[in-house]
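Here the structure is laid out as C-alpha cells; the discussion comes afterwards.
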Amino acid sequence: MNENPADLAPELCVLIAAVLGLVNGLFLPRTQQWRVAVICAAGLVAGLAAAGVAATRADLMAFDAFMIDPITHVTRIAVLGSTLLAVVLAARPVHGHPRESEHYVLILLSALGTIALGATSDLLVLVAAYLLASIPAYALAGFGKDAPGTEAALKYYLMGALLGVLMLGGVTLLFGVGRGTGYPVLRAGFADAPSAAVAVGVVALLAGLLFKAGAVPGHFWVPDVTQGAPPAIAAYVTTVPKIGAFAALYRFGAETLPDGWPVVVAVVAAATMTLGNLAAFGQDNVRRLLAYSTVSQAGYLLVPVAMAGRTDLAEPAVLYYVAAYAVTNLGAFAVVLATGRDDLAGYTGLLRGSPLVGLSLVVCLLGFIGTPPTAVFVGKVLMFGAALDGDYAWLAVVAAVNTVASVFYYLRWIVPLFGRQPSCDTIHPSRSAAAVAVAAAVVSVALGIGSGIALAAS
Amino acid sequence: MLTLVIFLPLAAALVLPGVPRRAVPWTWTGVSATELALVVAMWAVHGTGGGTSFETDVRWIPSVRAGYHVGVDGLSLPLLAMTAVLFTSCAVYSLRQTRRVRAYAMLFLFLETVCVGLFAALDLLLFFVFFDLSIVGMYFVILLWGHENRARSALMFFLYTFLGSLVLLLGFIGLYLGADPHTFDMTELTRTPPFAGSSGLAGLTLLAVGIGLGIKTPVVPFHTWLPPAHTDAPAAGSAILAGVMLKMGTYGLVRIAMPMLPDAWRRYALVMLVVGLVSVLYGAFVALAQDNVKRLVAYTSVNHMGYIVLALGAAGVPGGDADAQRLAVTGAVTQMVSHGLVTGALFLLCGVLHDRAASYDIGRFGGIARPAPVYAGLVAVAAFASLGLPGLSGFIAEFQILAGTIGSGTTATAVTGALAVTGILVTAALFLRLLHKVVLGPPGELTSRVTDVRRPELAALVPLLVLSLLIGVVPRVLLDTIEPLSAMVIALVGR
Amino acid sequence: MSAALRGVWGVVPPQGMEVIPGWTSGLAVDELSGILLVTLVVVLVAVLAYASGEGYGARFFVLMLVFAAAMAVTVTASDLLVLLMGWEVMGAMSYALIGYVWSDAERVRSANVAFLTTRAADMGLYMAAGFAIAGAHSLRLDDLPHADEPWRSLVAAGVVVAALGKSAQLPFSFWLSRAMAGPSPVSALLHSATMVVAGAYLLLRLRPLLDATGWAATAVSWAGALTALLLGAVALAQRDLKQLLAASTCAQIGFMVLAAGAGAVDGGTAQLVAHAAVKSLLFLCAGMWLARRGSDRWVDVVFGVGAIALAGVPPLSLWVTKDEVLAGVGEQSSALLAVAFAASVLSAAYAGKALLWLFRAGERVRVPWSQRVPLAGLAIAAAGLGVLGLPGILGEPGPDAWELVLSGVLAVVTVGAVLTVRRVPEPAWGLQWLWLERVAVVGVVRPGFAVARALARFDDQVVDGAVQGIARGGLWTAGLTRRRVEFRVDGLVGAVGRAARSLAALARRPQTGQLHLYYAQAAVVLAVLVVIAVLAG
C-alpha cells in the first residue's frame, strides 16, 4: 500500500496555502489583506507546478482511495487553473472586505474538496470530498450579505443538504449490497447484488453528484446562485465544482460499471441539455443566461459520462470537454465582471468601447456553441464521437439539435456587441477581469488548435 | 507553399488593424491579388496530371488520427482559382466601400482563408473546421453589412446551415468510427472505404453527410435559407456566399461522399438523381415567379446546383457507361467553377442596382440600357452565361452534365436527364423576363436613378465574365485538369 | 454529286479536335457545307452592303457578323456539340437582332417569343446529344445512324424536333411571324441563309439517320409537306407584306424539309440555295418600301423578279428546284406528291398576291447605288440559280419533262389569276397563323407561369413555412419551459426584492414558499430515474 504524502503534493500545496492564508489573515491589518490573495495564488501556482510534474509519472493509487491517473491530473490542473483565475477575478470585488482573507481561504478549501472528489475511488472519501467542496461554497454564495445573495446561499445550501443526504443514503445502500466502498470491490459486488437495490443506490448517489454538476434534477440552485451571488463567486461555483463532479461521475461509471448506468445518465443528459437551452431562450439578464447555458453544457458533458466504459472516446471526451468548458465559462464570467453589466442591452457597442474584452466574449460565446477552432469544439467532436461509438446515436442527435437551438441565445448576446451606439461608454473594464477574459479566450483557442498536444499529454 | 496560400489572407487580416484607414482597401485588394497569383502558380506547377500536389501532413490530434493534412488536385485547383478570383473581384468591387472598411476587409480576408482552406483540406476534421467557420464569417457579413431584415436573415442562415454542419459532423464521426483503424484522414478513408460489410450504417452515414452537404448546396427542400440570406446580404457577401460557399456542399459530395461511401452512393444514386432533378426544375420555376432580382438569382442557384447533384447521381448509377459518367462528373466540376464566376457576377450586378436605386424590385425598373449601356451589356452577358449560352462557361458545364447523365445509358438517367433539360428552357425564360423588365423596354419608375458602372465595379465584373467566356471558348485547360480527377472518382465509386 | 464539285470541296480537310476531352469534335467542309457556306457569304455580303446604306450602328454589324459566324459553325460542325454551339448562339443572336430596337416593349416581347420557341425545340438537340452518347458512344454526326436502338430513334426524334423548331415548321411556325419585329436586313438574312434554313440543313445532313430509323423520314416528309400547304394558305391570307413573306418562308422551307424526308437531298439543297437568293431579295425590297414609304423603278423590277421566281414561274430558279424536290417525292408516295403539288400551286398564289404590292401607289424615292447593286446581284441569282437543278451539277436525275411543263403552266396560270382577280380569300385562321401562338400561350406559357407562381407560393408558405414553424415551435416550448421553471424563481426574487431586506423574511419565504417545490421536483425526477435504472438494469 502506497502512503507516500509526496504523491499528494498539489493538494498539500493548496492546503498549506489555505492554512497560511488563514493564519496571516488573523494578523494582517484590513488594508493589507491582499497579501493573503498573493499567498493563495502562490499556493495554487505551486500546486499547478506539482500537478504538472505528477502528470508525467506513471499511474498509481495513494492511501487506497486516491487514484493518481489521467483523470486526476486533468482534474487537478483544471481545478487549480480555474481557481487561480477565480481568485484573480475575486481580488478586486472583495478588496477591503472585512473578511477578505476568509474569502480566499474558502475558495481554496472548496477547490481542495473538488480535486478530492474527482480523484477518489472510494465512496466514503467521495462523501467527505463532497462536503468539503460544498460547505465553503455555501458560505461563499452568501458572502455579499445582501438579500439576493443570502437567499441564493440558503437555497444552495438546502438543495445541497437534501441531495447530500440522499447521496449518503445511496452510499450506505451501495456499501450494503456491494460489500465495500472502494470501486474495484463494488464492481465485483454489483455482479451478484439485487439489481433494484443497486439501481436505487446508484440513483441516490447520482443525486448528490448531479447537484454538484448542476444537472437535472440538481440544477435548481444554478440560476439563483449565479444571479444572486457575487459575480466572481458565481463564476467559481458554476465552474470549479463541476470539474470535480464530472470527474467523479465518470470515474464511478467507468470503474464500477453498474447496470443501467448509460440509460439513466443519457436520460439525465438529454433532459439537462434540453431544459437548460429552452430556459435560456429569452433571458435578458446575462448572468441568468449564463446560468442556463452552464446547465445545458452540463448536459453535453453528461453524454460521454453516460458512455463510460463503452468506448475509448469517453474518457478524453469528458476530460477535454470539462477543461474546455471551465476556461470558456470563466472567460464569459470575466467579461461580465469586467463590464459590470447584467442586462443584454448594456453590451451594445462593447466591441467599439473595448475591443479586446468584446472579442474575448465573442470567442467564448462562439466557443460555447462549439465553433472551431475553440476548445469546446474539440470537446464536442469527442462527445459526439463517444455517443455514436457507444451506440447512442439518438443522444448525439439530441445533442446536435440542442446545439443548434443554443445558437439562438448565444447570438442574442453577440449581436448587440456590434451595435453602433456604445451604451457602455461609462464602462471602464476592470483591468484584472479584462485580463482574465482575454487570457481565457486565448487559452480556449489555443486548446482548440493545440488539442493534439493537450490530448497526448492527458 | 499551400499553407502559405491558406493562411496569407488571415495573416493579412491580423495586421490590417495596423494599416492606415485609407490604405485598407488597397491592401485588401493587393493581398487578394497575391493570393490569386499564388494559386495560379500552384496550378501551373500541378499541370493537368492526376494525383495530389503540395501535400502537407502534420499531426494535429493524433489520438483521433486527425491531422493538418492539405493538398491540391484536379478537383480543388479549379475551385481554389475560382475562389481567389472571386475574392479579388469582391475586393476590387468594394474599393468604394465606406462603412467599417477595416472590419469588412478583415472579415473577407478571414473568409478567404476559410474557403481556400476548405478546398485544400484532406482531413475531415480540418474540412469541418473550415466549413463551420465559413458559416460564422458569413453570418457576420450579413449581420453587419446587410440590408433591411438582416438580423433575421442572418440568424436564419446561421441556424439552418449550422444545423447542417452538425449533421455533417455526425456523418464525419460516423466515417471515423466506420474506418478500421479509426481515422479522419481523407486519403486513408478514400483508399479503404469505411463500413466494409455493414451497408446499413454506411447508408445512415451517407444520409447524414448528404443532408449536411445538401443544406449547404442547397438542394430542395433544404434551400429556404438561401433567398433571405441573399436578399439581405451585401453584394460582395452574396457573391461569395453563392459563388464560393455553395460549392462547399457539392465539393464535399465529390470529395467525401462519393469516394468514401461508394456502395451506399451507388445504392442511393437514384435518390441523388431525383433530388437533383427536383432542384433543377423547382429552382427554375420558382425563380421564374420572383419579382426581386436577388431572390431570382438565388433561386437560379438552386437550379444550377441541382444540375451538379444530378450529374453526381448519374455517376453512381450502376451499369452506366463509365465514359459518359466521367463526362457528367467533369461537367459537374465545371459547373461549380462556372456558377461561381457567373453568379458572382450577377450578384455584384444586383449590388450595383441596389447601390443606385436602393431597390431590387423588378417591376420598378425598365430600360436601364438607356442611362447605363455598359451595365446593361454586362447584365446581358451574365444572364446569357447563366442560361447556358454556348461560348460562355455555363454551356460547357451544362452540356457535359446533361449529355453525360443521359448518355450513361440507363433508363433512370435517360429519363431524369431528359426531364432536366427542360430546366434550360425555364432558365432562359426567366432571364429573358429579367432582361425585358429591367434592362430593355420603356423606362420605369427608378430607371432615372441608375447611373452606369463605375471603374472599380467594371474592374471587378469584367474579369469574371471574361473568364466565363474563356472557359466557354477554350475549355480544355480547365477540363484537362479536371479529367483525371473525374476518372478517378468514377473508378472509386465503381469499386 | 458531280465529281468536279467533289474535287473542289475535297481540298478542305476536316478539322479534328476535342472541345471536351475524350469526345471528337470538329469542323469539316463537304459538298453540302460548302454550298451553304457560299450561299451564306453571298447573302451576307449583299445584306450588309444594303444595310450599310441604312445607317445602323456598330452593335448591328457585330451582331450580324456573329449571327453569320454561328451559322457557318453550324453548317460545318461534324458533331453534335459544335453544332449545338453554333445553333444556340445563332438563336441568341436572332434574339438580339429581333429586339434590336430594345426600347419598344413589343419588339422585345417578339424577340423573347422567337428565342424561347426555338430554344424549346433546341432541347431536342441537348437530349439527342445524350442519347447519341448512350447509343453510339460518340457525338459525331456520321456515327449517329449506327447507334443502337432505341437510342437511334430517340436521337432522331430530338434532332427532328430541334430542326422543325429552328425552321419554323409546324407546330413552331408562329415565332417567324414574331421575328418580323426585327429590322428588314435582319429578316433578309434570317429568312434566307441562316437560322430558318439551319433546321432544313440539319435534316438534309442527317438524312442517313432519318433513313436508318424508318419512321423519321416519313414523319419529316409529312411535317414538311403539311407546313408547305398550311403555311402557304396562311401566306395567302396575310395583309401585311412582311407577314406574307414570313409565312411563305415557312412554306418554302417546308419543301426543303420534305426533300430531306423524301430523300431528295440534292433537290432540297438546290431549293435552299435558290430560296435564299429569292427571299433575301424580297425582304430587302419590302424593307425599302416600309422604311421609305416608296421606292424607284429599279427596286420594283428586282422585286418583280423575286416574286415571280417565288411563284415558280419558268424559267426562274425555284421552278426548277421545286420540281426536283417534287420528283424525289413522287418516287416515295403519291399522297405526299398531291399535297406538295397543292402547296406548289399555293406558292404561286401568294407570290402573285405579293406582286400586287407593286401596283400600290408609292412615292418615288432615290435608292443609292450601294443598295441597288446588291439587289441586282440577288435578282440575278434568284433568276438564274435554276441551273443548279440541271442534271450533272447536283447529281440526281431531274424531274420528267411533263412535270416541269405542268408545274410551270400551273404557276403561270395561278399568278395570272391572282393578278386578274386581285382578291383572294383571307380567312381568320390564315390571318392569325392558325392561332399557333395563342395555342402555345394557352397551352404552355400560361400553365408554365401558373406552375411557377404556385411553386413560389408553395415555397414561401409550405417549405419555408415548415422551417419557420419548427422555429416557432421551439420558441413556444421555450416559453413554456420558462413559465414552468422560471415563473416561481422570478416571482420569488421579485417578491424578495420588494418585500423586505430582512433576513427573517428571507428565511421564511423559501421554507414556506417555493423550496419545497424544488424538493418535490427533484424527488420526482429521481424517482423516475430509479424506475429507468431498474428497468434498464
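Chain labels run A, B, ... following the order of the C-alpha cells; each chain numbers its residues from 1, and ligands are numbered from 1 in the order shown.
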Any idea which chain B residues end up within 6 Å of chain A if we count only C-alpha atoms, as a PyMOL selection string please? chain B and resi 60-62+129+163+173
Only N, CA and C atoms, please: the residues just picked out, written as a compact mmCIF listing (two decimals), in the first residue's frame.
```
# COMPACT_ATOMS: atom_id res chain seq x y z
N TRP B 60 -2.16 16.58 -35.89
CA TRP B 60 -2.86 17.64 -35.18
C TRP B 60 -3.44 17.07 -33.90
N ILE B 61 -4.38 16.12 -34.03
CA ILE B 61 -4.91 15.46 -32.85
C ILE B 61 -4.65 13.97 -33.07
N PRO B 62 -3.43 13.54 -32.76
CA PRO B 62 -3.08 12.16 -33.12
C PRO B 62 -3.95 11.13 -32.42
N VAL B 129 -13.74 22.13 -39.69
CA VAL B 129 -13.38 23.39 -39.05
C VAL B 129 -13.63 24.54 -40.02
N LEU B 163 -27.13 23.84 -38.34
CA LEU B 163 -27.76 22.53 -38.19
C LEU B 163 -27.16 21.56 -39.21
N ILE B 173 -18.14 11.78 -38.06
CA ILE B 173 -17.78 10.90 -36.95
C ILE B 173 -18.15 9.47 -37.30
```
7 Å contact set for Val534 (chain C), only C-alpha atoms, chain neighbours under 5 positions out, as a list in words: Ser195, Ala196 and Ala199 of chain A
Same residues, C-alpha atoms, saved as a PDB file, in the first residue's frame:
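Listed below is the output, result-v7.pdb:
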```
ATOM      1  CA  SER A 195     -30.232  -5.085  -9.271  1.00  0.00           C
ATOM      2  CA  ALA A 196     -33.100  -2.991  -7.899  1.00  0.00           C
ATOM      3  CA  ALA A 199     -30.312   0.909  -9.093  1.00  0.00           C
TER       4      ALA A 199
END
```
Could you give me, as a Markdown table, every chain C residue with an atom at most 6 Å from chain B, plus its closest atom pair and distance in Å to one decimal, counting only C-alpha atoms, rows ordered by chain then number?
```
| residue | atom | partner | partner_atom | distance |
| --- | --- | --- | --- | --- |
| C:Met85 | CA | B:Pro390 | CA | 5.0 |
| C:Trp102 | CA | B:Leu440 | CA | 5.5 |
| C:Ser103 | CA | B:Gly441 | CA | 4.2 |
| C:Asp104 | CA | B:Gly441 | CA | 5.3 |
| C:Ala105 | CA | B:Gly441 | CA | 4.4 |
| C:Ala120 | CA | B:Leu425 | CA | 6.0 |
| C:Met127 | CA | B:Ala418 | CA | 5.9 |
| C:Ala129 | CA | B:Ala403 | CA | 5.7 |
| C:Gly130 | CA | B:Ala403 | CA | 3.8 |
| C:Phe131 | CA | B:Gly407 | CA | 5.6 |
| C:Ile133 | CA | B:Gly407 | CA | 4.7 |
| C:Ala134 | CA | B:Gly407 | CA | 4.1 |
| C:Ala452 | CA | B:Phe285 | CA | 4.5 |
| C:Arg453 | CA | B:Ala289 | CA | 5.2 |
| C:Leu455 | CA | B:Val286 | CA | 5.7 |
| C:Ala456 | CA | B:Val286 | CA | 4.7 |
| C:Asp464 | CA | B:Thr224 | CA | 5.5 |
```
Selection above as a file: N, CA and C atoms, as a JSON list (two decimals), in the first residue's frame:
```json
[["chain", "number", "residue", "atom", "x", "y", "z"],
["C", 85, "MET", "N", -23.37, 24.37, -80.38],
["C", 85, "MET", "CA", -22.81, 25.67, -80.02],
["C", 85, "MET", "C", -23.20, 26.71, -81.06],
["C", 102, "TRP", "N", -34.58, 48.03, -78.74],
["C", 102, "TRP", "CA", -34.92, 47.42, -77.47],
["C", 102, "TRP", "C", -35.85, 48.27, -76.62],
["C", 103, "SER", "N", -35.98, 49.54, -76.96],
["C", 103, "SER", "CA", -36.82, 50.37, -76.10],
["C", 103, "SER", "C", -38.30, 50.11, -76.33],
["C", 104, "ASP", "N", -38.62, 49.38, -77.41],
["C", 104, "ASP", "CA", -40.01, 49.06, -77.69],
["C", 104, "ASP", "C", -40.35, 47.71, -77.05],
["C", 105, "ALA", "N", -41.24, 47.76, -76.05],
["C", 105, "ALA", "CA", -41.53, 46.55, -75.28],
["C", 105, "ALA", "C", -42.07, 45.43, -76.18],
["C", 120, "ALA", "N", -37.01, 26.01, -76.99],
["C", 120, "ALA", "CA", -37.82, 24.86, -76.59],
["C", 120, "ALA", "C", -37.54, 23.69, -77.52],
["C", 127, "MET", "N", -30.98, 16.69, -75.76],
["C", 127, "MET", "CA", -31.29, 15.30, -75.45],
["C", 127, "MET", "C", -30.64, 14.37, -76.48],
["C", 129, "ALA", "N", -27.95, 14.71, -78.01],
["C", 129, "ALA", "CA", -26.53, 14.52, -77.70],
["C", 129, "ALA", "C", -26.36, 13.43, -76.66],
["C", 130, "GLY", "N", -27.20, 13.50, -75.60],
["C", 130, "GLY", "CA", -27.12, 12.47, -74.57],
["C", 130, "GLY", "C", -27.43, 11.10, -75.13],
["C", 131, "PHE", "N", -28.51, 11.03, -75.91],
["C", 131, "PHE", "CA", -28.89, 9.74, -76.48],
["C", 131, "PHE", "C", -27.79, 9.20, -77.40],
["C", 133, "ILE", "N", -24.62, 9.66, -77.10],
["C", 133, "ILE", "CA", -23.56, 9.07, -76.29],
["C", 133, "ILE", "C", -23.98, 7.69, -75.80],
["C", 134, "ALA", "N", -25.24, 7.62, -75.39],
["C", 134, "ALA", "CA", -25.71, 6.33, -74.88],
["C", 134, "ALA", "C", -25.73, 5.28, -75.99],
["C", 452, "ALA", "N", -45.15, 28.11, -61.96],
["C", 452, "ALA", "CA", -44.09, 28.87, -61.30],
["C", 452, "ALA", "C", -44.65, 29.63, -60.10],
["C", 453, "ARG", "N", -45.78, 30.30, -60.30],
["C", 453, "ARG", "CA", -46.35, 31.07, -59.19],
["C", 453, "ARG", "C", -46.80, 30.15, -58.07],
["C", 455, "LEU", "N", -45.65, 27.22, -57.35],
["C", 455, "LEU", "CA", -44.48, 26.68, -56.64],
["C", 455, "LEU", "C", -43.87, 27.74, -55.74],
["C", 456, "ALA", "N", -43.87, 28.98, -56.23],
["C", 456, "ALA", "CA", -43.28, 30.05, -55.40],
["C", 456, "ALA", "C", -44.10, 30.22, -54.13],
["C", 464, "ASP", "N", -40.78, 26.88, -46.65],
["C", 464, "ASP", "CA", -40.22, 27.82, -45.69],
["C", 464, "ASP", "C", -41.09, 27.86, -44.44]]
```
Could you give me, as CSV, every chain A residue with an atom at most 6 Å from chain C, plus its closest atom pair and distance in Å to one decimal, counting only C-alpha atoms, rows ordered by chain then number?
```
residue,atom,partner,partner_atom,distance
A:Ala147,CA,C:Arg501,CA,5.7
A:Ala196,CA,C:Val534,CA,5.4
A:Ala199,CA,C:Ala533,CA,5.3
A:Val200,CA,C:Val530,CA,5.6
A:Val203,CA,C:Val530,CA,5.9
A:Pro217,CA,C:Ala522,CA,5.0
A:Asp259,CA,C:Gly537,CA,4.6
A:Gly260,CA,C:Gly537,CA,4.4
A:Val264,CA,C:Ala533,CA,5.8
A:Leu278,CA,C:Ala478,CA,4.4
A:Ala279,CA,C:Arg482,CA,5.2
```
Can you tell me, as a PyMOL selection string, what residues are no more than 9 Å from Phe87 (chain B) when counting only C-alpha atoms, ignoring any on the same chain fewer than 3 positions away? chain B and resi 29+32-33+36+82-84+90-92+108-109+112+236+239-240
Output as a ChimeraX atom specification all residues of region 88-250 of chain A that backbone DSSP marks as helix (DSSP H, G or I). /A:88-91,100-119,123-141,147-178,183-191,195-213,221-228,231-237,240-250
Would you kindly return, as a VMD selection string, each protein, DNA or RNA residue with an atom no farther than 7 Å from any atom of Ile308 (chain B), considering only C-alpha atoms and excluding same-chain residues fewer than 4 positions away? chain B and resid 312 332 335
As an exercise, work out the distance from CA of Thr311 (chain A) to CA of Ile115 (chain A) in Å and give it to one decimal place. 24.7 Å
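Counting only C-alpha atoms, region 49-53 of chain A has the following residues at most 7 Å away, ignoring those fewer than 5 positions along the same chain: Ala9, Pro10, His73, Arg76 and Ile77 of chain A.
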Just the selected residues (C-alpha atoms), exported as a PDB file, in the first residue's frame, please.
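So selection.pdb came out as:
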```pdb
ATOM      1  CA  ALA A   9       1.874  17.340  -3.337  1.00  0.00           C
ATOM      2  CA  PRO A  10      -0.564  19.535  -5.293  1.00  0.00           C
ATOM      3  CA  HIS A  73      -4.220  15.012 -13.485  1.00  0.00           C
ATOM      4  CA  ARG A  76      -6.074  18.912 -10.685  1.00  0.00           C
ATOM      5  CA  ILE A  77      -4.844  21.126 -13.481  1.00  0.00           C
TER       6      ILE A  77
END
```
Taking only C-alpha atoms into account, name the residue in A:Ala306, A:Leu249, A:Val237, A:Ala439 that is nearest to Ala141 (chain A). A:Val237
Run DSSP on the backbone of this structure and report the residues of region 12-105 of chain A it assigns to strand (DSSP E), as a PyMOL selection string. chain A and resi 60-62+66-68
Identify, on the basis of only C-alpha atoms, every residue whose closest approach to Thr414 (chain C) does not exceed 6 Å; exclude the query and any residue fewer than 4 positions from it along the same chain; express the result as a ChimeraX atom specification. /C:348-349,410
Keeping C-alpha atoms for every residue in the selection just given, could you write it to a file as a PDB file, in the first residue's frame?
```
ATOM      1  CA  ALA C 348     -47.757  30.707-106.944  1.00  0.00           C
ATOM      2  CA  ALA C 349     -50.882  32.252-105.474  1.00  0.00           C
ATOM      3  CA  LEU C 410     -49.959  25.925-113.265  1.00  0.00           C
TER       4      LEU C 410
END
```
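Between CA of Asp224 (chain A) and CA of Thr328 (chain A) there is a distance of 20.7 Å.
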